[in-house]
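Engineer: Structure provided below as structure tokens; questions to follow.
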Amino acid sequence: MKEFIDIFLNYLSVERGLSRNTIIAYKEDLGFYMDFIMGRKIDSLSKTAKNDIVNFMLYQKDKGLSANSISRRLVAIKVFYRFLVRERILKIDPSILIDSPKLWKKIPETLSLNEVEDLLTQPNNRDKLGIRDKAILETLYATGMRVSEAVNLKVDNVNLDIGFLCCIGKGNKERVIPLGKKAVDSLKRYLENSRPQLLKKKESEFLFLNRFGKKISRQSLWKTVKKYAKAARIKKPMRPHILRHSFATHLLERGADLRSVQEMLGHANISTTQIYTHINKDRLKSIHRKFHPRP
């Protein structure tokens, strides 16, 4: 059965153009499902039924998996079965009548303006790695980019003269995002002073480099963010998207329209962006409770 997963993953990569991280997530989710049905002595996908998928979801719930994670695994299973039917490997899709578990949209954790300012002032601007790190932090907050997008930025993707960068996002989709003056200044300093030192007369097309002059990894970049958050004594749990969430929230709080924020974030559906409007509503409620004489 697992050979069908390989065929499916190849389809996602070659024909759908999905990112490597998305394909890895599909592989992991389908792997859990395969292990489950094989544990129930089912030796063929044609023998699986709706109840097997429902039981898998219940099993995941009993293990303490969140509704979000269960829903994501169900999506992977549904897309997989749909592919198998379309390719005529299976005649019937047993997942077609299964609904996703109801999800509560979790309000993303964000940093306050003061916390962002504290974070951005931590890198040492007299050190080559500190100059690089300052440029990374300023770029993440100025653009709302995903960490995975930032590590794949190339020098040619950035135009500091007009203050824009070109980002390749999910599904290989390209979007153009403006850069603020502080991010432009930090990137100029990095490109003129720090990056040549990191390259050591070598060549690289990638913008952000590690100490060896190679493309910085996603893990290293995120460790860098967490290091400065700790130095800034930020108590909130630091997750890879926290600067992205803060970018969107702070724009909307200052009157940016939802469509523009959607475009800068690279969301395919505006409903994904709308979650940030809930943050504003919660903040208003909090202020009302705190200051109104009759809360």
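Residues in the structure tokens are named by chain (A, B, ... in the order shown) and by number from 1 within that chain; ligands are numbered from 1 in the order shown.
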Find the residues around A:Phe36 up to 10 Å (only C-alpha atoms counted), leave out those fewer than 2 positions away in its own chain, and share them as a list in words.
Structural biologist: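 My list of contacting residues is Leu30, Gly31, Phe32, Tyr33, Met34, Met38, Gly39, Arg40, Lys41, Ile42, Asp52, Ile53, Asn55, Phe56, Tyr59 and Gln60 of chain A.
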Engineer: Convert the current residue selection to file output with N, CA and C atoms, as a PDB file, in the first residue's frame.
Structural biologist:
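Final output, selection.pdb:
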```
ATOM      1  N   LEU A  30      -0.207  10.586   6.184  1.00  0.00           N
ATOM      2  CA  LEU A  30      -0.641   9.336   5.553  1.00  0.00           C
ATOM      3  C   LEU A  30       0.080   8.135   6.158  1.00  0.00           C
ATOM      4  N   GLY A  31       1.295   8.358   6.625  1.00  0.00           N
ATOM      5  CA  GLY A  31       2.042   7.285   7.288  1.00  0.00           C
ATOM      6  C   GLY A  31       1.342   6.823   8.556  1.00  0.00           C
ATOM      7  N   PHE A  32       0.835   7.784   9.326  1.00  0.00           N
ATOM      8  CA  PHE A  32       0.086   7.438  10.549  1.00  0.00           C
ATOM      9  C   PHE A  32      -1.169   6.629  10.200  1.00  0.00           C
ATOM     10  N   TYR A  33      -1.836   7.042   9.130  1.00  0.00           N
ATOM     11  CA  TYR A  33      -3.059   6.345   8.713  1.00  0.00           C
ATOM     12  C   TYR A  33      -2.745   4.919   8.257  1.00  0.00           C
ATOM     13  N   MET A  34      -1.688   4.762   7.476  1.00  0.00           N
ATOM     14  CA  MET A  34      -1.293   3.436   6.985  1.00  0.00           C
ATOM     15  C   MET A  34      -0.942   2.503   8.148  1.00  0.00           C
ATOM     16  N   MET A  38      -2.996  -0.950   8.834  1.00  0.00           N
ATOM     17  CA  MET A  38      -2.215  -2.198   8.778  1.00  0.00           C
ATOM     18  C   MET A  38      -2.255  -2.887  10.132  1.00  0.00           C
ATOM     19  N   GLY A  39      -2.323  -2.089  11.206  1.00  0.00           N
ATOM     20  CA  GLY A  39      -2.451  -2.659  12.544  1.00  0.00           C
ATOM     21  C   GLY A  39      -3.777  -3.346  12.752  1.00  0.00           C
ATOM     22  N   ARG A  40      -4.758  -2.998  11.930  1.00  0.00           N
ATOM     23  CA  ARG A  40      -6.076  -3.644  11.998  1.00  0.00           C
ATOM     24  C   ARG A  40      -6.189  -4.792  10.987  1.00  0.00           C
ATOM     25  N   LYS A  41      -5.027  -5.217  10.471  1.00  0.00           N
ATOM     26  CA  LYS A  41      -4.924  -6.370   9.556  1.00  0.00           C
ATOM     27  C   LYS A  41      -5.600  -6.116   8.196  1.00  0.00           C
ATOM     28  N   ILE A  42      -5.644  -4.842   7.797  1.00  0.00           N
ATOM     29  CA  ILE A  42      -6.170  -4.511   6.468  1.00  0.00           C
ATOM     30  C   ILE A  42      -4.982  -4.437   5.513  1.00  0.00           C
ATOM     31  N   ASP A  52     -13.329   2.739   9.016  1.00  0.00           N
ATOM     32  CA  ASP A  52     -11.892   2.667   9.303  1.00  0.00           C
ATOM     33  C   ASP A  52     -11.302   4.067   9.463  1.00  0.00           C
ATOM     34  N   ILE A  53     -11.753   4.995   8.618  1.00  0.00           N
ATOM     35  CA  ILE A  53     -11.258   6.374   8.701  1.00  0.00           C
ATOM     36  C   ILE A  53     -11.783   7.042   9.968  1.00  0.00           C
ATOM     37  N   ASN A  55     -12.675   5.555  12.735  1.00  0.00           N
ATOM     38  CA  ASN A  55     -11.968   4.940  13.872  1.00  0.00           C
ATOM     39  C   ASN A  55     -10.551   5.490  14.007  1.00  0.00           C
ATOM     40  N   PHE A  56      -9.934   5.760  12.881  1.00  0.00           N
ATOM     41  CA  PHE A  56      -8.590   6.369  12.913  1.00  0.00           C
ATOM     42  C   PHE A  56      -8.660   7.743  13.568  1.00  0.00           C
ATOM     43  N   TYR A  59      -9.181   7.347  17.234  1.00  0.00           N
ATOM     44  CA  TYR A  59      -7.927   6.882  17.837  1.00  0.00           C
ATOM     45  C   TYR A  59      -6.965   8.054  18.047  1.00  0.00           C
ATOM     46  N   GLN A  60      -6.902   8.940  17.053  1.00  0.00           N
ATOM     47  CA  GLN A  60      -6.041  10.124  17.173  1.00  0.00           C
ATOM     48  C   GLN A  60      -6.524  11.037  18.301  1.00  0.00           C
TER      49      GLN A  60
END
```
Engineer: Excluding same-chain residues fewer than 4 positions from A:Leu251, what lies within 10 Å of it counting only C-alpha atoms, as a VMD selection string?
Structural biologist: chain A and resid 246 to 247 255 to 258 260 to 261 276
Engineer: When DSSP is applied to the backbone of this structure, which of stretch 166-248 of chain A are assigned alpha helix (DSSP H)? Write them out as a ChimeraX atom specification.
Structural biologist: /A:181-189,195-199,218-231,242-248
Engineer: Please write the residues from the selection above to a file, keeping C-alpha atoms, as a PDB file, in the first residue's frame.
Structural biologist:
```pdb
ATOM      1  CA  LYS A 181      12.904  52.095   5.714  1.00  0.00           C
ATOM      2  CA  LYS A 182      14.379  50.354   8.767  1.00  0.00           C
ATOM      3  CA  ALA A 183      14.403  46.977   7.016  1.00  0.00           C
ATOM      4  CA  VAL A 184      15.989  48.559   3.925  1.00  0.00           C
ATOM      5  CA  ASP A 185      18.702  50.199   6.054  1.00  0.00           C
ATOM      6  CA  SER A 186      19.434  46.924   7.882  1.00  0.00           C
ATOM      7  CA  LEU A 187      19.609  44.954   4.634  1.00  0.00           C
ATOM      8  CA  LYS A 188      21.933  47.544   3.044  1.00  0.00           C
ATOM      9  CA  ARG A 189      24.296  47.330   5.991  1.00  0.00           C
ATOM     10  CA  ARG A 195      27.541  39.269   3.841  1.00  0.00           C
ATOM     11  CA  PRO A 196      30.908  39.705   2.026  1.00  0.00           C
ATOM     12  CA  GLN A 197      32.676  38.626   5.239  1.00  0.00           C
ATOM     13  CA  LEU A 198      30.473  35.536   5.525  1.00  0.00           C
ATOM     14  CA  LEU A 199      31.029  34.623   1.854  1.00  0.00           C
ATOM     15  CA  ARG A 218      15.214  27.139   8.611  1.00  0.00           C
ATOM     16  CA  GLN A 219      16.176  25.611  11.971  1.00  0.00           C
ATOM     17  CA  SER A 220      19.171  27.939  12.415  1.00  0.00           C
ATOM     18  CA  LEU A 221      17.160  31.020  11.525  1.00  0.00           C
ATOM     19  CA  TRP A 222      14.460  30.085  14.012  1.00  0.00           C
ATOM     20  CA  LYS A 223      17.016  29.372  16.756  1.00  0.00           C
ATOM     21  CA  THR A 224      18.372  32.862  16.089  1.00  0.00           C
ATOM     22  CA  VAL A 225      14.938  34.439  16.612  1.00  0.00           C
ATOM     23  CA  LYS A 226      14.414  32.497  19.847  1.00  0.00           C
ATOM     24  CA  LYS A 227      17.863  33.480  21.111  1.00  0.00           C
ATOM     25  CA  TYR A 228      17.057  37.186  20.798  1.00  0.00           C
ATOM     26  CA  ALA A 229      13.584  36.718  22.256  1.00  0.00           C
ATOM     27  CA  LYS A 230      15.203  35.174  25.323  1.00  0.00           C
ATOM     28  CA  ALA A 231      17.693  38.058  25.510  1.00  0.00           C
ATOM     29  CA  ILE A 242       4.938  34.944  15.704  1.00  0.00           C
ATOM     30  CA  LEU A 243       6.546  37.827  13.764  1.00  0.00           C
ATOM     31  CA  ARG A 244       4.245  37.067  10.819  1.00  0.00           C
ATOM     32  CA  HIS A 245       1.212  37.177  13.128  1.00  0.00           C
ATOM     33  CA  SER A 246       2.484  40.408  14.706  1.00  0.00           C
ATOM     34  CA  PHE A 247       3.037  41.988  11.275  1.00  0.00           C
ATOM     35  CA  ALA A 248      -0.565  41.284  10.210  1.00  0.00           C
TER      36      ALA A 248
END
```
Engineer: Quick one: everything within 12 Å of A:Ser217, counting only C-alpha atoms, minus sequence neighbours fewer than 3 positions away in the same chain. Send it as a VMD selection string.
Structural biologist: chain A and resid 147 to 153 206 to 214 220 to 224
Engineer: Quick one: everything within 8 Å of A:Pro94, counting only C-alpha atoms, minus sequence neighbours fewer than 6 positions away in the same chain. Send it as a ChimeraX atom specification.
Structural biologist: /A:48-50,81
Engineer: Just list the residues in stretch 6-244 of chain A DSSP gives strand (DSSP E or B) on the backbone, as a ChimeraX atom specification.
Structural biologist: /A:154,158-159,164-168,174-178,206,209,215
Engineer: Could the residues in this selection be written to a file with C-alpha atoms, as a short mmCIF file (atom, residue, chain, number, x, y, z; two decimals), in the first residue's frame?
Structural biologist:
```
data_model
loop_
_atom_site.label_atom_id
_atom_site.label_comp_id
_atom_site.auth_asym_id
_atom_site.auth_seq_id
_atom_site.Cartn_x
_atom_site.Cartn_y
_atom_site.Cartn_z
CA LYS A 154 17.88 35.31 -3.12
CA VAL A 158 15.47 42.20 -3.21
CA ASN A 159 15.34 45.69 -4.70
CA PHE A 164 10.43 45.89 -2.36
CA LEU A 165 11.24 42.19 -2.32
CA CYS A 166 9.88 39.33 -4.37
CA CYS A 167 8.90 36.27 -2.35
CA ILE A 168 8.19 32.74 -3.56
CA GLU A 174 5.21 34.73 -6.34
CA ARG A 175 4.25 37.88 -4.47
CA VAL A 176 5.81 41.33 -4.11
CA ILE A 177 6.03 42.83 -0.60
CA PRO A 178 7.11 46.37 0.34
CA PHE A 206 20.96 33.22 -1.35
CA LEU A 209 24.00 33.07 4.92
CA LYS A 215 22.35 29.33 2.89
#
```
Engineer: One decimal, Å: what's the distance from atom CA of A:Leu9 over to atom CA of A:Lys27, could you say?
Structural biologist: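 If I compute the distance from atom CA of A:Leu9 to atom CA of A:Lys27, I get 7.2 Å.
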Engineer: Which one of A:Met264, A:Val75, A:Asn269, A:Gly171 sits closest to A:Leu18 if you count only C-alpha atoms?
Structural biologist: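 The shortest atom-to-atom distance to A:Leu18 comes from A:Gly171.
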